[in-house]
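See structure below.
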Amino acid sequence: MNNLSYLKNVVTLKLDENKCTGCGMCLEVCPHQVFKMNGRRAIIRNRDACMECGACRKNCPAEAIYVESGVGCAAAVINSLLGKNAAACCCGPQTNPEGKNSGVCC
Ligand code: SF4
Ligand code: SF4
């Protein structure tokens, strides 16, 4: 899952460690293992791996996470623009009627 390409330092993800109750839900729902536990609190392990899906924010009971989601699968769009595999799209392979890479995500 982590073989996608990302831009550095563009992700909107923020974690307020002071609000975190250590429930571990963000670790469970994140598809890219962005978080890890540091004692009784979550911390961001790899911010650049975040694809801004919003799952962590939606599932954090302490509202400790902020991320701008719903603007598309950033990594998949970037990969598509770079001519890389469209199967990287989080919505699945995107092909045209001829079965070729459509270059469009979702
Ligand atoms: S889901 Fe929220 S409260 Fe739970 S570990 Fe993650 S940041 Fe902390
Ligand atoms: S927005 Fe999605 S990919 Fe990014 S940290 Fe949250 S769950 Fe992981």
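Labeling convention for the structure tokens: chains A, B, ... as they appear, residues from 1 per chain, ligands from 1 in order of appearance.
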
Once you count only C-alpha atoms and all ligand atoms, what closest atom pair and distance in Å to one decimal does each residue of chain A within 9 Å of ligand 1 have, with rows by chain and rising residue number, as a Markdown table?
| residue | atom | partner | partner_atom_place_in_ligand_line | distance |
| --- | --- | --- | --- | --- |
| A:Leu15 | CA | ligand 1 | 7 (S) | 6.5 |
| A:Asp16 | CA | ligand 1 | 7 (S) | 7.3 |
| A:Glu17 | CA | ligand 1 | 7 (S) | 6.9 |
| A:Asn18 | CA | ligand 1 | 8 (Fe) | 8.9 |
| A:Lys19 | CA | ligand 1 | 3 (S) | 6.8 |
| A:Cys20 | CA | ligand 1 | 8 (Fe) | 3.6 |
| A:Thr21 | CA | ligand 1 | 3 (S) | 4.3 |
| A:Gly22 | CA | ligand 1 | 5 (S) | 3.9 |
| A:Cys23 | CA | ligand 1 | 4 (Fe) | 3.9 |
| A:Gly24 | CA | ligand 1 | 5 (S) | 3.8 |
| A:Met25 | CA | ligand 1 | 1 (S) | 4.2 |
| A:Cys26 | CA | ligand 1 | 1 (S) | 4.1 |
| A:Leu27 | CA | ligand 1 | 6 (Fe) | 6.5 |
| A:Glu28 | CA | ligand 1 | 1 (S) | 8.5 |
| A:Val29 | CA | ligand 1 | 1 (S) | 8.8 |
| A:Phe35 | CA | ligand 1 | 6 (Fe) | 7.8 |
| A:Lys36 | CA | ligand 1 | 5 (S) | 8.6 |
| A:Met37 | CA | ligand 1 | 5 (S) | 7.4 |
| A:Arg40 | CA | ligand 1 | 5 (S) | 8.1 |
| A:Arg41 | CA | ligand 1 | 8 (Fe) | 5.8 |
| A:Ala42 | CA | ligand 1 | 5 (S) | 4.8 |
| A:Ile43 | CA | ligand 1 | 7 (S) | 7.5 |
| A:Cys56 | CA | ligand 1 | 1 (S) | 6.4 |
| A:Arg57 | CA | ligand 1 | 1 (S) | 7.5 |
| A:Lys58 | CA | ligand 1 | 1 (S) | 8.8 |
| A:Asn59 | CA | ligand 1 | 1 (S) | 6.1 |
| A:Cys60 | CA | ligand 1 | 1 (S) | 3.6 |
| A:Pro61 | CA | ligand 1 | 3 (S) | 5.7 |
| A:Ala62 | CA | ligand 1 | 3 (S) | 4.8 |
| A:Glu63 | CA | ligand 1 | 2 (Fe) | 6.3 |
| A:Ala64 | CA | ligand 1 | 7 (S) | 5.1 |
| A:Ile65 | CA | ligand 1 | 7 (S) | 5.9 |

Go ahead and save the picked residues with N, CA and C atoms, as a CSV table (one decimal), in the first residue's frame.
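Output below, filename again_16.csv:
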chain,number,residue,atom,x,y,z
A,15,LEU,N,-2.5,16.8,14.4
A,15,LEU,CA,-2.9,16.1,15.5
A,15,LEU,C,-2.6,16.9,16.8
A,16,ASP,N,-3.6,17.1,17.6
A,16,ASP,CA,-3.5,17.8,18.9
A,16,ASP,C,-3.2,16.7,20.0
A,17,GLU,N,-2.0,16.5,20.3
A,17,GLU,CA,-1.7,15.4,21.2
A,17,GLU,C,-2.2,15.7,22.6
A,18,ASN,N,-2.5,16.9,22.9
A,18,ASN,CA,-3.0,17.2,24.2
A,18,ASN,C,-4.5,16.8,24.4
A,19,LYS,N,-5.2,16.7,23.2
A,19,LYS,CA,-6.6,16.2,23.3
A,19,LYS,C,-6.7,14.7,23.2
A,20,CYS,N,-5.7,14.0,22.7
A,20,CYS,CA,-5.7,12.6,22.5
A,20,CYS,C,-5.9,11.8,23.8
A,21,THR,N,-6.8,10.9,23.7
A,21,THR,CA,-7.1,10.0,24.9
A,21,THR,C,-6.4,8.7,24.8
A,22,GLY,N,-5.8,8.4,23.7
A,22,GLY,CA,-5.0,7.2,23.5
A,22,GLY,C,-5.9,6.0,23.2
A,23,CYS,N,-7.1,6.2,22.5
A,23,CYS,CA,-8.0,5.1,22.2
A,23,CYS,C,-7.4,4.2,21.1
A,24,GLY,N,-6.6,4.7,20.3
A,24,GLY,CA,-6.0,3.9,19.2
A,24,GLY,C,-6.8,3.8,18.0
A,25,MET,N,-8.0,4.5,17.9
A,25,MET,CA,-8.9,4.3,16.8
A,25,MET,C,-8.2,4.8,15.5
A,26,CYS,N,-7.4,5.9,15.6
A,26,CYS,CA,-6.8,6.4,14.3
A,26,CYS,C,-5.8,5.4,13.7
A,27,LEU,N,-5.1,4.6,14.6
A,27,LEU,CA,-4.2,3.6,14.1
A,27,LEU,C,-5.0,2.5,13.4
A,28,GLU,N,-6.2,2.2,13.9
A,28,GLU,CA,-7.0,1.2,13.3
A,28,GLU,C,-7.5,1.5,12.0
A,29,VAL,N,-8.0,2.8,11.8
A,29,VAL,CA,-8.7,3.1,10.6
A,29,VAL,C,-7.7,3.7,9.5
A,35,PHE,N,-0.1,7.0,11.8
A,35,PHE,CA,0.0,7.2,13.3
A,35,PHE,C,0.8,6.1,14.0
A,36,LYS,N,1.3,6.4,15.1
A,36,LYS,CA,1.8,5.3,16.0
A,36,LYS,C,1.5,5.8,17.5
A,37,MET,N,1.5,4.9,18.4
A,37,MET,CA,1.3,5.2,19.8
A,37,MET,C,2.7,5.6,20.4
A,40,ARG,N,0.8,6.7,26.0
A,40,ARG,CA,-0.6,6.7,26.0
A,40,ARG,C,-1.3,7.7,25.0
A,41,ARG,N,-0.5,8.2,24.1
A,41,ARG,CA,-1.0,9.1,23.1
A,41,ARG,C,-0.5,8.7,21.7
A,42,ALA,N,-1.4,9.1,20.7
A,42,ALA,CA,-1.0,8.9,19.3
A,42,ALA,C,-0.1,10.0,18.9
A,43,ILE,N,0.8,9.7,18.0
A,43,ILE,CA,1.6,10.7,17.3
A,43,ILE,C,1.6,10.4,15.8
A,56,CYS,N,-9.5,9.1,9.9
A,56,CYS,CA,-9.0,9.3,11.3
A,56,CYS,C,-9.8,10.4,11.9
A,57,ARG,N,-10.0,11.5,11.2
A,57,ARG,CA,-10.7,12.6,11.8
A,57,ARG,C,-12.2,12.2,12.2
A,58,LYS,N,-12.8,11.5,11.3
A,58,LYS,CA,-14.2,11.1,11.5
A,58,LYS,C,-14.3,10.1,12.7
A,59,ASN,N,-13.3,9.4,12.9
A,59,ASN,CA,-13.3,8.3,14.0
A,59,ASN,C,-12.7,8.7,15.3
A,60,CYS,N,-12.1,9.9,15.4
A,60,CYS,CA,-11.4,10.3,16.6
A,60,CYS,C,-12.5,10.8,17.6
A,61,PRO,N,-12.7,10.1,18.7
A,61,PRO,CA,-13.7,10.6,19.6
A,61,PRO,C,-13.3,11.8,20.4
A,62,ALA,N,-12.1,12.2,20.4
A,62,ALA,CA,-11.6,13.4,21.1
A,62,ALA,C,-11.5,14.6,20.2
A,63,GLU,N,-11.8,14.4,19.0
A,63,GLU,CA,-11.7,15.6,18.0
A,63,GLU,C,-10.3,16.1,18.1
A,64,ALA,N,-9.3,15.2,18.1
A,64,ALA,CA,-7.9,15.6,18.2
A,64,ALA,C,-7.2,15.8,16.9
A,65,ILE,N,-7.9,15.3,15.8
A,65,ILE,CA,-7.3,15.3,14.5
A,65,ILE,C,-8.0,16.2,13.6

**Prompt:** ligand 2: which residues are within 6 Å, counting only C-alpha atoms and all ligand atoms, as a ChimeraX atom specification?
**Reply:** /A:29-32,34,50-56

Can I get the selection written as a CSV table (one decimal), in the first residue's frame, with N, CA and C atoms?
chain,number,residue,atom,x,y,z
A,29,VAL,N,-8.0,2.8,11.8
A,29,VAL,CA,-8.7,3.1,10.6
A,29,VAL,C,-7.7,3.7,9.5
A,30,CYS,N,-6.6,4.1,9.8
A,30,CYS,CA,-5.7,4.7,8.8
A,30,CYS,C,-5.1,3.6,7.9
A,31,PRO,N,-5.4,3.8,6.6
A,31,PRO,CA,-4.9,2.8,5.6
A,31,PRO,C,-3.4,2.8,5.3
A,32,HIS,N,-2.7,3.9,5.8
A,32,HIS,CA,-1.3,4.1,5.5
A,32,HIS,C,-0.4,4.2,6.7
A,34,VAL,N,-0.2,6.0,9.2
A,34,VAL,CA,0.4,7.4,9.5
A,34,VAL,C,0.7,7.6,11.0
A,50,CYS,N,0.1,10.3,4.3
A,50,CYS,CA,-1.4,10.6,4.5
A,50,CYS,C,-2.0,10.9,3.1
A,51,MET,N,-3.1,10.3,2.8
A,51,MET,CA,-3.8,10.6,1.5
A,51,MET,C,-5.1,11.4,1.7
A,52,GLU,N,-5.2,12.0,2.9
A,52,GLU,CA,-6.3,12.9,3.3
A,52,GLU,C,-7.7,12.2,3.1
A,53,CYS,N,-7.8,11.0,3.4
A,53,CYS,CA,-9.1,10.3,3.3
A,53,CYS,C,-10.1,10.8,4.3
A,54,GLY,N,-9.6,11.2,5.5
A,54,GLY,CA,-10.5,11.7,6.5
A,54,GLY,C,-11.0,10.7,7.5
A,55,ALA,N,-10.6,9.5,7.4
A,55,ALA,CA,-11.1,8.4,8.3
A,55,ALA,C,-10.7,8.6,9.7
A,56,CYS,N,-9.5,9.1,9.9
A,56,CYS,CA,-9.0,9.3,11.3
A,56,CYS,C,-9.8,10.4,11.9

**Message:** So the first atom is CA of Thr12 (chain A) and the second is CA of Gly39 (chain A); what is the distance between them in Å, to one decimal place?
**Reply:**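 Between CA of Thr12 (chain A) and CA of Gly39 (chain A) the gap is 24.4 Å.
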
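Checking A:Arg47, A:Asn38, A:Ser69, A:Gln33 one by one against Leu7 (chain A), counting only C-alpha atoms, you find the shortest gap at A:Arg47.
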